[in-house]
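See below for final.cif, which holds mmCIF, C-alpha atoms; chains and numbers go by the auth columns.
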data_query
#
loop_
_atom_site.group_PDB
_atom_site.id
_atom_site.type_symbol
_atom_site.label_atom_id
_atom_site.label_comp_id
_atom_site.label_asym_id
_atom_site.label_seq_id
_atom_site.Cartn_x
_atom_site.Cartn_y
_atom_site.Cartn_z
_atom_site.B_iso_or_equiv
_atom_site.auth_seq_id
_atom_site.auth_asym_id
ATOM 1 C CA MET A 1 -11.745 -42.714 60.011 0.00 1 A
ATOM 2 C CA ASN A 2 -12.279 -45.418 57.393 0.00 2 A
ATOM 3 C CA THR A 3 -11.914 -45.105 53.612 0.00 3 A
ATOM 4 C CA LYS A 4 -15.662 -44.866 53.037 0.00 4 A
ATOM 5 C CA SER A 5 -15.875 -41.813 55.319 0.00 5 A
ATOM 6 C CA ASN A 6 -12.972 -40.132 53.571 0.00 6 A
ATOM 7 C CA LEU A 7 -14.688 -40.633 50.211 0.00 7 A
ATOM 8 C CA TYR A 8 -17.919 -39.138 51.559 0.00 8 A
ATOM 9 C CA ILE A 9 -16.084 -36.014 52.811 0.00 9 A
ATOM 10 C CA LEU A 10 -14.316 -35.581 49.445 0.00 10 A
ATOM 11 C CA VAL A 11 -17.598 -35.709 47.518 0.00 11 A
ATOM 12 C CA LEU A 12 -19.166 -33.188 49.906 0.00 12 A
ATOM 13 C CA MET A 13 -16.268 -30.761 49.376 0.00 13 A
ATOM 14 C CA VAL A 14 -16.614 -30.958 45.571 0.00 14 A
ATOM 15 C CA VAL A 15 -20.358 -30.215 45.789 0.00 15 A
ATOM 16 C CA LEU A 16 -19.780 -27.217 48.069 0.00 16 A
ATOM 17 C CA ALA A 17 -17.102 -25.820 45.758 0.00 17 A
ATOM 18 C CA ALA A 18 -19.460 -26.075 42.783 0.00 18 A
ATOM 19 C CA LEU A 19 -22.220 -24.264 44.684 0.00 19 A
ATOM 20 C CA VAL A 20 -19.846 -21.475 45.712 0.00 20 A
ATOM 21 C CA GLY A 21 -18.767 -21.070 42.069 0.00 21 A
ATOM 22 C CA VAL A 22 -22.362 -20.761 40.926 0.00 22 A
ATOM 23 C CA VAL A 23 -22.970 -18.015 43.465 0.00 23 A
ATOM 24 C CA LEU A 24 -19.766 -16.078 42.753 0.00 24 A
ATOM 25 C CA ARG A 25 -19.781 -16.149 38.950 0.00 25 A
ATOM 26 C CA PRO A 26 -22.903 -13.954 38.539 0.00 26 A
ATOM 27 C CA GLN A 27 -21.392 -11.509 41.026 0.00 27 A
ATOM 28 C CA ALA A 28 -18.135 -11.383 39.066 0.00 28 A
ATOM 29 C CA ALA A 29 -20.022 -10.866 35.820 0.00 29 A
ATOM 30 C CA ALA A 30 -22.065 -8.109 37.371 0.00 30 A
ATOM 31 C CA THR A 31 -18.834 -6.455 38.544 0.00 31 A
ATOM 32 C CA ALA A 32 -17.296 -6.718 35.045 0.00 32 A
ATOM 33 C CA LEU A 33 -20.365 -5.177 33.443 0.00 33 A
ATOM 34 C CA ALA A 34 -20.726 -2.398 35.980 0.00 34 A
ATOM 35 C CA PRO A 35 -21.145 1.037 34.316 0.00 35 A
ATOM 36 C CA LEU A 36 -18.190 3.381 34.107 0.00 36 A
ATOM 37 C CA PRO A 37 -18.071 6.416 36.368 0.00 37 A
ATOM 38 C CA ALA A 38 -20.258 9.259 35.150 0.00 38 A
ATOM 39 C CA ASP A 39 -17.293 11.600 34.557 0.00 39 A
ATOM 40 C CA VAL A 40 -15.768 9.330 31.873 0.00 40 A
ATOM 41 C CA VAL A 41 -18.914 8.362 29.980 0.00 41 A
ATOM 42 C CA CYS A 42 -19.254 9.846 26.495 0.00 42 A
ATOM 43 C CA ASP A 43 -22.386 11.882 25.931 0.00 43 A
ATOM 44 C CA SER A 44 -23.372 11.012 22.374 0.00 44 A
ATOM 45 C CA THR A 45 -26.377 13.329 22.412 0.00 45 A
ATOM 46 C CA ARG A 46 -24.111 16.335 21.763 0.00 46 A
ATOM 47 C CA SER A 47 -21.295 15.855 19.279 0.00 47 A
ATOM 48 C CA VAL A 48 -19.122 17.544 16.686 0.00 48 A
ATOM 49 C CA GLN A 49 -18.218 15.945 13.336 0.00 49 A
ATOM 50 C CA VAL A 50 -14.898 16.787 11.696 0.00 50 A
ATOM 51 C CA SER A 51 -12.528 15.530 9.032 0.00 51 A
ATOM 52 C CA GLY A 52 -8.757 15.438 8.984 0.00 52 A
ATOM 53 C CA ALA A 53 -6.247 14.915 6.203 0.00 53 A
ATOM 54 C CA ALA A 54 -2.505 14.524 5.895 0.00 54 A
ATOM 55 C CA VAL A 55 -0.071 13.918 3.070 0.00 55 A
ATOM 56 C CA ILE A 56 3.499 12.663 3.219 0.00 56 A
ATOM 57 C CA ASN A 57 5.671 13.307 0.166 0.00 57 A
ATOM 58 C CA VAL A 58 7.983 10.355 -0.385 0.00 58 A
ATOM 59 C CA THR A 59 10.902 10.021 -2.801 0.00 59 A
ATOM 60 C CA PRO A 60 10.593 6.700 -4.701 0.00 60 A
ATOM 61 C CA ASP A 61 13.186 4.017 -4.011 0.00 61 A
ATOM 62 C CA ARG A 62 11.943 1.365 -6.459 0.00 62 A
ATOM 63 C CA ALA A 63 11.096 1.278 -10.153 0.00 63 A
ATOM 64 C CA LEU A 64 9.139 -1.140 -12.336 0.00 64 A
ATOM 65 C CA ILE A 65 9.944 -1.196 -16.058 0.00 65 A
ATOM 66 C CA GLN A 66 7.867 -3.057 -18.640 0.00 66 A
ATOM 67 C CA LEU A 67 9.619 -3.641 -21.955 0.00 67 A
ATOM 68 C CA GLY A 68 10.006 -6.418 -24.450 0.00 68 A
ATOM 69 C CA VAL A 69 10.437 -7.698 -27.972 0.00 69 A
ATOM 70 C CA GLN A 70 7.875 -7.821 -30.751 0.00 70 A
ATOM 71 C CA SER A 71 8.721 -10.298 -33.502 0.00 71 A
ATOM 72 C CA ASN A 72 7.152 -10.950 -36.902 0.00 72 A
ATOM 73 C CA GLY A 73 7.479 -14.042 -39.078 0.00 73 A
ATOM 74 C CA THR A 74 5.785 -16.167 -41.693 0.00 74 A
ATOM 75 C CA THR A 75 5.427 -19.295 -39.528 0.00 75 A
ATOM 76 C CA PRO A 76 4.473 -19.732 -35.856 0.00 76 A
ATOM 77 C CA ASP A 77 7.547 -21.735 -34.880 0.00 77 A
ATOM 78 C CA GLY A 78 9.931 -19.518 -36.808 0.00 78 A
ATOM 79 C CA THR A 79 8.508 -16.419 -35.156 0.00 79 A
ATOM 80 C CA GLN A 80 8.682 -18.071 -31.755 0.00 80 A
ATOM 81 C CA ASN A 81 12.321 -19.082 -32.173 0.00 81 A
ATOM 82 C CA ALA A 82 13.321 -15.617 -33.327 0.00 82 A
ATOM 83 C CA ASN A 83 11.499 -13.988 -30.427 0.00 83 A
ATOM 84 C CA PHE A 84 13.028 -16.382 -27.918 0.00 84 A
ATOM 85 C CA GLN A 85 16.545 -15.581 -29.090 0.00 85 A
ATOM 86 C CA GLU A 86 15.941 -11.829 -28.882 0.00 86 A
ATOM 87 C CA ILE A 87 14.295 -11.823 -25.464 0.00 87 A
ATOM 88 C CA GLN A 88 17.111 -13.961 -24.047 0.00 88 A
ATOM 89 C CA LYS A 89 19.621 -11.376 -25.259 0.00 89 A
ATOM 90 C CA VAL A 90 17.629 -8.660 -23.527 0.00 90 A
ATOM 91 C CA ILE A 91 17.401 -10.600 -20.258 0.00 91 A
ATOM 92 C CA GLY A 92 21.099 -11.448 -20.389 0.00 92 A
ATOM 93 C CA ALA A 93 22.015 -7.807 -20.870 0.00 93 A
ATOM 94 C CA LEU A 94 19.850 -6.792 -17.915 0.00 94 A
ATOM 95 C CA ARG A 95 21.436 -9.481 -15.752 0.00 95 A
ATOM 96 C CA GLY A 96 24.779 -7.974 -16.693 0.00 96 A
ATOM 97 C CA LEU A 97 23.747 -4.798 -14.852 0.00 97 A
ATOM 98 C CA GLY A 98 23.437 -6.791 -11.639 0.00 98 A
ATOM 99 C CA ILE A 99 19.662 -7.254 -11.797 0.00 99 A
ATOM 100 C CA GLU A 100 18.737 -10.576 -10.199 0.00 100 A
ATOM 101 C CA ALA A 101 16.742 -13.227 -12.054 0.00 101 A
ATOM 102 C CA LYS A 102 13.939 -13.030 -9.476 0.00 102 A
ATOM 103 C CA ASP A 103 13.396 -9.384 -10.456 0.00 103 A
ATOM 104 C CA ILE A 104 12.837 -10.166 -14.148 0.00 104 A
ATOM 105 C CA ALA A 105 9.522 -11.840 -14.963 0.00 105 A
ATOM 106 C CA THR A 106 7.366 -12.345 -18.048 0.00 106 A
ATOM 107 C CA ASP A 107 4.493 -9.880 -17.893 0.00 107 A
ATOM 108 C CA TYR A 108 2.587 -11.152 -20.920 0.00 108 A
ATOM 109 C CA TYR A 109 3.274 -13.329 -23.947 0.00 109 A
ATOM 110 C CA ILE A 110 0.894 -13.196 -26.906 0.00 110 A
ATOM 111 C CA VAL A 111 1.010 -14.990 -30.271 0.00 111 A
ATOM 112 C CA TYR A 112 -1.499 -13.912 -32.896 0.00 112 A
ATOM 113 C CA PRO A 113 -1.878 -14.121 -36.677 0.00 113 A
ATOM 114 C CA VAL A 114 -1.429 -11.175 -39.017 0.00 114 A
ATOM 115 C CA TYR A 115 -4.138 -11.120 -41.694 0.00 115 A
ATOM 116 C CA GLN A 116 -3.652 -10.002 -45.259 0.00 116 A
ATOM 117 C CA GLU A 117 -7.283 -8.979 -45.328 0.00 117 A
ATOM 118 C CA TYR A 118 -9.277 -9.260 -42.146 0.00 118 A
ATOM 119 C CA SER A 119 -12.537 -9.814 -43.999 0.00 119 A
ATOM 120 C CA SER A 120 -11.194 -12.918 -45.749 0.00 120 A
ATOM 121 C CA LEU A 121 -9.081 -14.056 -42.750 0.00 121 A
ATOM 122 C CA VAL A 122 -6.112 -14.774 -45.032 0.00 122 A
ATOM 123 C CA ILE A 123 -3.056 -15.161 -42.779 0.00 123 A
ATOM 124 C CA LYS A 124 0.147 -13.653 -44.124 0.00 124 A
ATOM 125 C CA GLY A 125 2.258 -14.119 -41.002 0.00 125 A
ATOM 126 C CA TYR A 126 2.467 -14.209 -37.234 0.00 126 A
ATOM 127 C CA ARG A 127 3.408 -11.760 -34.511 0.00 127 A
ATOM 128 C CA ILE A 128 4.611 -12.302 -30.948 0.00 128 A
ATOM 129 C CA ASP A 129 4.554 -9.720 -28.164 0.00 129 A
ATOM 130 C CA ASN A 130 6.826 -10.782 -25.327 0.00 130 A
ATOM 131 C CA THR A 131 6.980 -8.289 -22.460 0.00 131 A
ATOM 132 C CA VAL A 132 8.982 -8.633 -19.252 0.00 132 A
ATOM 133 C CA SER A 133 8.685 -6.644 -16.019 0.00 133 A
ATOM 134 C CA ILE A 134 11.928 -5.568 -14.376 0.00 134 A
ATOM 135 C CA THR A 135 11.943 -4.556 -10.721 0.00 135 A
ATOM 136 C CA LEU A 136 14.811 -2.192 -9.978 0.00 136 A
ATOM 137 C CA ARG A 137 15.873 -2.053 -6.358 0.00 137 A
ATOM 138 C CA ASP A 138 18.551 0.469 -7.305 0.00 138 A
ATOM 139 C CA ILE A 139 16.655 3.519 -8.529 0.00 139 A
ATOM 140 C CA ASN A 140 19.754 4.834 -10.301 0.00 140 A
ATOM 141 C CA LEU A 141 19.633 1.994 -12.839 0.00 141 A
ATOM 142 C CA VAL A 142 16.441 3.153 -14.566 0.00 142 A
ATOM 143 C CA ASP A 143 17.998 4.896 -17.552 0.00 143 A
ATOM 144 C CA ASP A 144 20.835 2.342 -17.845 0.00 144 A
ATOM 145 C CA ALA A 145 18.366 -0.554 -17.846 0.00 145 A
ATOM 146 C CA ILE A 146 16.236 0.943 -20.614 0.00 146 A
ATOM 147 C CA ILE A 147 19.181 1.817 -22.858 0.00 147 A
ATOM 148 C CA THR A 148 20.840 -1.548 -22.246 0.00 148 A
ATOM 149 C CA ALA A 149 17.644 -3.426 -23.118 0.00 149 A
ATOM 150 C CA LEU A 150 17.144 -1.426 -26.317 0.00 150 A
ATOM 151 C CA LYS A 151 20.717 -2.056 -27.392 0.00 151 A
ATOM 152 C CA ALA A 152 20.240 -5.776 -26.758 0.00 152 A
ATOM 153 C CA GLY A 153 17.208 -5.977 -29.059 0.00 153 A
ATOM 154 C CA ALA A 154 14.161 -4.741 -27.134 0.00 154 A
ATOM 155 C CA ASN A 155 11.870 -2.782 -29.432 0.00 155 A
ATOM 156 C CA GLU A 156 9.055 -1.940 -27.017 0.00 156 A
ATOM 157 C CA VAL A 157 9.021 0.058 -23.782 0.00 157 A
ATOM 158 C CA GLN A 158 5.538 -0.226 -22.316 0.00 158 A
ATOM 159 C CA ASP A 159 5.762 1.586 -18.999 0.00 159 A
ATOM 160 C CA VAL A 160 8.030 2.913 -16.247 0.00 160 A
ATOM 161 C CA GLN A 161 6.569 3.233 -12.752 0.00 161 A
ATOM 162 C CA PHE A 162 8.177 4.563 -9.577 0.00 162 A
ATOM 163 C CA TYR A 163 7.087 3.517 -6.108 0.00 163 A
ATOM 164 C CA THR A 164 8.237 3.174 -2.511 0.00 164 A
ATOM 165 C CA SER A 165 9.043 -0.068 -0.765 0.00 165 A
ATOM 166 C CA GLU A 166 7.759 1.359 2.542 0.00 166 A
ATOM 167 C CA LEU A 167 4.231 2.313 1.532 0.00 167 A
ATOM 168 C CA ARG A 168 2.671 0.671 4.617 0.00 168 A
ATOM 169 C CA LYS A 169 4.961 2.673 6.904 0.00 169 A
ATOM 170 C CA TYR A 170 4.052 5.991 5.306 0.00 170 A
ATOM 171 C CA ARG A 171 0.343 5.131 5.191 0.00 171 A
ATOM 172 C CA ASP A 172 0.380 4.504 8.935 0.00 172 A
ATOM 173 C CA GLU A 173 2.209 7.786 9.522 0.00 173 A
ATOM 174 C CA ALA A 174 -0.210 9.717 7.316 0.00 174 A
ATOM 175 C CA ARG A 175 -3.203 8.160 9.089 0.00 175 A
ATOM 176 C CA ALA A 176 -1.835 9.144 12.509 0.00 176 A
ATOM 177 C CA LEU A 177 -1.228 12.710 11.321 0.00 177 A
ATOM 178 C CA ALA A 178 -4.725 12.924 9.833 0.00 178 A
ATOM 179 C CA MET A 179 -6.270 11.710 13.082 0.00 179 A
ATOM 180 C CA LYS A 180 -4.251 14.272 15.031 0.00 180 A
ATOM 181 C CA ALA A 181 -5.455 16.981 12.652 0.00 181 A
ATOM 182 C CA ALA A 182 -9.058 15.868 13.146 0.00 182 A
ATOM 183 C CA GLY A 183 -8.709 16.053 16.931 0.00 183 A
ATOM 184 C CA GLU A 184 -7.208 19.543 16.745 0.00 184 A
ATOM 185 C CA LYS A 185 -9.992 20.677 14.427 0.00 185 A
ATOM 186 C CA ALA A 186 -12.638 19.266 16.794 0.00 186 A
ATOM 187 C CA ALA A 187 -11.109 21.144 19.731 0.00 187 A
ATOM 188 C CA ALA A 188 -10.999 24.399 17.760 0.00 188 A
ATOM 189 C CA LEU A 189 -14.537 23.997 16.447 0.00 189 A
ATOM 190 C CA ALA A 190 -15.953 23.153 19.869 0.00 190 A
ATOM 191 C CA GLY A 191 -14.087 26.070 21.442 0.00 191 A
ATOM 192 C CA ALA A 192 -15.530 28.475 18.886 0.00 192 A
ATOM 193 C CA ALA A 193 -18.986 27.304 19.954 0.00 193 A
ATOM 194 C CA GLY A 194 -18.240 27.801 23.650 0.00 194 A
ATOM 195 C CA ALA A 195 -17.856 24.098 24.440 0.00 195 A
ATOM 196 C CA GLN A 196 -15.121 21.515 24.777 0.00 196 A
ATOM 197 C CA ALA A 197 -14.421 18.427 22.698 0.00 197 A
ATOM 198 C CA GLY A 198 -14.769 15.258 24.706 0.00 198 A
ATOM 199 C CA CYS A 199 -14.055 11.647 23.894 0.00 199 A
ATOM 200 C CA LEU A 200 -13.975 10.077 20.446 0.00 200 A
ATOM 201 C CA LEU A 201 -17.296 8.571 19.356 0.00 201 A
ATOM 202 C CA THR A 202 -16.661 7.335 15.793 0.00 202 A
ATOM 203 C CA ALA A 203 -13.800 7.303 13.288 0.00 203 A
ATOM 204 C CA SER A 204 -13.338 6.151 9.706 0.00 204 A
ATOM 205 C CA GLU A 205 -10.532 6.610 7.179 0.00 205 A
ATOM 206 C CA ASN A 206 -9.600 6.587 3.521 0.00 206 A
ATOM 207 C CA THR A 207 -5.924 6.231 2.617 0.00 207 A
ATOM 208 C CA TRP A 208 -4.348 6.330 -0.837 0.00 208 A
ATOM 209 C CA SER A 209 -1.169 7.239 -2.700 0.00 209 A
ATOM 210 C CA GLN A 210 -0.489 9.093 -5.921 0.00 210 A
ATOM 211 C CA TYR A 211 2.710 9.549 -7.909 0.00 211 A
ATOM 212 C CA TYR A 212 3.743 12.946 -9.201 0.00 212 A
ATOM 213 C CA GLY A 213 6.485 12.970 -11.821 0.00 213 A
ATOM 214 C CA SER A 214 7.668 16.329 -10.564 0.00 214 A
ATOM 215 C CA TRP A 215 7.720 17.873 -7.118 0.00 215 A
ATOM 216 C CA ARG A 216 5.597 20.665 -8.527 0.00 216 A
ATOM 217 C CA GLY A 217 2.840 18.225 -9.401 0.00 217 A
ATOM 218 C CA GLY A 218 0.179 18.060 -6.740 0.00 218 A
ATOM 219 C CA ARG A 219 1.010 21.329 -5.007 0.00 219 A
ATOM 220 C CA GLU A 220 -1.822 23.144 -6.709 0.00 220 A
ATOM 221 C CA THR A 221 -4.293 20.278 -6.408 0.00 221 A
ATOM 222 C CA THR A 222 -3.587 18.698 -3.038 0.00 222 A
ATOM 223 C CA LEU A 223 -0.933 20.459 -0.974 0.00 223 A
ATOM 224 C CA TRP A 224 -2.819 23.547 0.109 0.00 224 A
ATOM 225 C CA ALA A 225 -6.000 21.585 0.823 0.00 225 A
ATOM 226 C CA GLN A 226 -4.393 19.457 3.535 0.00 226 A
ATOM 227 C CA ASN A 227 -4.346 19.883 7.306 0.00 227 A
ATOM 228 C CA VAL A 228 -0.859 18.375 7.622 0.00 228 A
ATOM 229 C CA VAL A 229 1.903 18.078 5.026 0.00 229 A
ATOM 230 C CA GLN A 230 5.272 16.431 5.608 0.00 230 A
ATOM 231 C CA ASN A 231 8.215 15.461 3.426 0.00 231 A
ATOM 232 C CA ALA A 232 9.725 12.101 4.282 0.00 232 A
ATOM 233 C CA ALA A 233 13.492 11.804 4.222 0.00 233 A
ATOM 234 C CA PRO A 234 14.899 9.478 1.541 0.00 234 A
ATOM 235 C CA ALA A 235 15.490 5.924 2.709 0.00 235 A
ATOM 236 C CA GLN A 236 19.018 5.167 3.861 0.00 236 A
ATOM 237 C CA GLY A 237 21.169 3.800 1.084 0.00 237 A
ATOM 238 C CA SER A 238 18.986 5.190 -1.698 0.00 238 A
ATOM 239 C CA ALA A 239 20.696 7.803 -3.827 0.00 239 A
ATOM 240 C CA ALA A 240 18.717 10.371 -5.743 0.00 240 A
ATOM 241 C CA GLN A 241 19.208 10.822 -9.475 0.00 241 A
ATOM 242 C CA GLY A 242 21.911 13.365 -10.268 0.00 242 A
ATOM 243 C CA ASP A 243 21.607 16.365 -12.513 0.00 243 A
ATOM 244 C CA ASP A 244 23.240 14.406 -15.353 0.00 244 A
ATOM 245 C CA SER A 245 20.447 11.781 -15.355 0.00 245 A
ATOM 246 C CA PRO A 246 17.477 12.060 -17.740 0.00 246 A
ATOM 247 C CA ILE A 247 15.224 10.594 -15.013 0.00 247 A
ATOM 248 C CA SER A 248 13.495 12.932 -12.562 0.00 248 A
ATOM 249 C CA LEU A 249 12.168 10.881 -9.662 0.00 249 A
ATOM 250 C CA GLY A 250 9.568 13.326 -8.409 0.00 250 A
ATOM 251 C CA GLN A 251 7.600 12.307 -5.332 0.00 251 A
ATOM 252 C CA ILE A 252 4.825 9.998 -4.235 0.00 252 A
ATOM 253 C CA ALA A 253 2.071 11.674 -2.246 0.00 253 A
ATOM 254 C CA VAL A 254 0.814 9.258 0.400 0.00 254 A
ATOM 255 C CA ARG A 255 -2.412 10.776 1.687 0.00 255 A
ATOM 256 C CA ALA A 256 -4.791 9.823 4.476 0.00 256 A
ATOM 257 C CA GLU A 257 -8.251 11.206 5.147 0.00 257 A
ATOM 258 C CA VAL A 258 -10.282 10.511 8.274 0.00 258 A
ATOM 259 C CA SER A 259 -13.745 11.417 9.492 0.00 259 A
ATOM 260 C CA ALA A 260 -14.419 11.518 13.202 0.00 260 A
ATOM 261 C CA SER A 261 -17.001 12.618 15.709 0.00 261 A
ATOM 262 C CA TYR A 262 -16.336 13.737 19.267 0.00 262 A
ATOM 263 C CA SER A 263 -18.669 14.299 22.160 0.00 263 A
ATOM 264 C CA LEU A 264 -19.204 17.817 23.470 0.00 264 A
ATOM 265 C CA LYS A 265 -18.947 18.762 27.089 0.00 265 A
#
What do you get writing this file as structure tokens?
Amino acid sequence: MNTKSNLYILVLMVVLAALVGVVLRPQAAATALAPLPADVVCDSTRSVQVSGAAVINVTPDRALIQLGVQSNGTTPDGTQNANFQEIQKVIGALRGLGIEAKDIATDYYIVYPVYQEYSSLVIKGYRIDNTVSITLRDINLVDDAIITALKAGANEVQDVQFYTSELRKYRDEARALAMKAAGEKAAALAGAAGAQAGCLLTASENTWSQYYGSWRGGRETTLWAQNVVQNAAPAQGSAAQGDDSPISLGQIAVRAEVSASYSLK
């Protein structure tokens, strides 16, 4: 068989393969789109709507402190120099506690005139507010950091916030518990009506967290209203404040709420 014949056979094979593919592809698509067996299809014409909620009480393992130095002076540059010297003393003292430079950042820095009489806009001096935010990865340093900063020259403490470094983890856990609670409620509600809860039709969720300065906070307002309540164990390596500390950590309530509908069978 010559080369021309071989080429003719090769072209014929390619054409046949293409035709076979055209025939088979619609069949494969039809197979992929074939309806599910009747016994596993959700009947959306009869359904039950429920909600589920869960809260996980978490002990904080991080703190954010906002404090700084306010300086007054008769000239802008003199006030700035004085403020710079004071804030550097504060930062140096905080670094002496083992707080890393990356965890100390300027939160806001404002320079504004002080008027003798606002109506006449006569300037009698200048004021600088220089506030830094300190992230404490050791929760036991909260009181020491504040006292140390005040001794070093800080004259403003704006805020102290406690939080958890594993918020995403606890949100996921709370969501799973809330969804479990919703499924159990759907089964109980359907059973009371003489039916059975089937497959899940729709689901939506709302997750949030709230800090309570005391473990008592939130019990009256949120604890008894939940389907599921759990207390998370403190993170490894994080020590709680002792009885001799003026800081009471309290707990963070990480709550999840879901709405879901299930078919009835």
Inset, instruction - Starting from the shown file, work through the PyMOL selection byres ((chain A and resi 157) around 7) and note down what comes out as a VMD selection string. - result: chain A and resid 66 to 68 155 to 156 158 to 159
Inset, instruction - Enter the distance from CA of Ser204 in chain A to CA of Lys265 in chain A, in Å, rounded to one decimal. - result: 22.2 Å
Legend entry - Residue neighbourhood Tyr163 in chain A, 12 Å, only C-alpha atoms, exclusion window fewer than 5 positions, as an NGL selection string: :A and (57-65 or 135-139 or 168 or 209-213 or 249-254)
Expected file contents, prior selection, C-alpha atoms, as a compact mmCIF listing (two decimals), in the coordinates of the input:
# COMPACT_ATOMS: atom_id res chain seq x y z
CA ASN A 57 5.67 13.31 0.17
CA VAL A 58 7.98 10.36 -0.38
CA THR A 59 10.90 10.02 -2.80
CA PRO A 60 10.59 6.70 -4.70
CA ASP A 61 13.19 4.02 -4.01
CA ARG A 62 11.94 1.36 -6.46
CA ALA A 63 11.10 1.28 -10.15
CA LEU A 64 9.14 -1.14 -12.34
CA ILE A 65 9.94 -1.20 -16.06
CA THR A 135 11.94 -4.56 -10.72
CA LEU A 136 14.81 -2.19 -9.98
CA ARG A 137 15.87 -2.05 -6.36
CA ASP A 138 18.55 0.47 -7.30
CA ILE A 139 16.66 3.52 -8.53
CA ARG A 168 2.67 0.67 4.62
CA SER A 209 -1.17 7.24 -2.70
CA GLN A 210 -0.49 9.09 -5.92
CA TYR A 211 2.71 9.55 -7.91
CA TYR A 212 3.74 12.95 -9.20
CA GLY A 213 6.48 12.97 -11.82
CA LEU A 249 12.17 10.88 -9.66
CA GLY A 250 9.57 13.33 -8.41
CA GLN A 251 7.60 12.31 -5.33
CA ILE A 252 4.82 10.00 -4.24
CA ALA A 253 2.07 11.67 -2.25
CA VAL A 254 0.81 9.26 0.40
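Across the model, the gap from CA of Thr131 in chain A to CA of Gln116 in chain A is 25.2 Å.
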Legend entry - Residues matched by the PyMOL selection byres ((chain A and resi 182) around 12) as a ChimeraX atom specification: /A:48-54,175-181,183-189,197,200,202-205,226-228,256-262
Please evaluate the PyMOL selection byres ((chain A and resi 86) around 9) against the structure above and give the resulting residues as a PDB file with C-alpha atoms, in the coordinates of the input.
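Okay, this is what ended up in selection23.pdb:
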ATOM      1  CA  VAL A  69      10.437  -7.698 -27.972  1.00  0.00           C
ATOM      2  CA  SER A  71       8.721 -10.298 -33.502  1.00  0.00           C
ATOM      3  CA  ASN A  81      12.321 -19.082 -32.173  1.00  0.00           C
ATOM      4  CA  ALA A  82      13.321 -15.617 -33.327  1.00  0.00           C
ATOM      5  CA  ASN A  83      11.499 -13.988 -30.427  1.00  0.00           C
ATOM      6  CA  PHE A  84      13.028 -16.382 -27.918  1.00  0.00           C
ATOM      7  CA  GLN A  85      16.545 -15.581 -29.090  1.00  0.00           C
ATOM      8  CA  ILE A  87      14.295 -11.823 -25.464  1.00  0.00           C
ATOM      9  CA  GLN A  88      17.111 -13.961 -24.047  1.00  0.00           C
ATOM     10  CA  LYS A  89      19.621 -11.376 -25.259  1.00  0.00           C
ATOM     11  CA  VAL A  90      17.629  -8.660 -23.527  1.00  0.00           C
ATOM     12  CA  ILE A  91      17.401 -10.600 -20.258  1.00  0.00           C
ATOM     13  CA  ALA A 152      20.240  -5.776 -26.758  1.00  0.00           C
ATOM     14  CA  GLY A 153      17.208  -5.977 -29.059  1.00  0.00           C
ATOM     15  CA  ALA A 154      14.161  -4.741 -27.134  1.00  0.00           C
TER      16      ALA A 154
END
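The coordinates place CA of Thr74 in chain A at 17.8 Å from CA of Ser120 in chain A.
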Legend entry - All residues 8 Å or closer to Cys42 in chain A, only C-alpha atoms, same chain fewer than 4 positions away omitted, as a ChimeraX atom specification: /A:198-199,201,263
Inset, instruction - Would you please work out which residue, of A:Ile147, A:Thr79, A:Asn140, A:Lys102, is nearest to Val114 in chain A when using all atoms listed in the file? - result: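 Looking at the shortest contact to Val114 in chain A, the residue is A:Thr79.
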Legend entry - Closest of A:Ala101, A:Ala232, A:Ile110, A:Ala93 to Lys169 in chain A - atom-to-atom distances counting all atoms listed in the file: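 Comparing A:Ala101, A:Ala232, A:Ile110, A:Ala93 against Lys169 in chain A, the winner is A:Ala232.
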Legend entry - Proximity to Ala105 in chain A - best of A:Thr75, A:Ser248, A:Ser44, A:Asn130, only C-alpha atoms: A:Asn130
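Comparing A:Tyr109, A:Leu97, A:Gly73, A:Leu141 by their smallest distance to Ile123 in chain A, the closest is A:Gly73 (using only C-alpha atoms).
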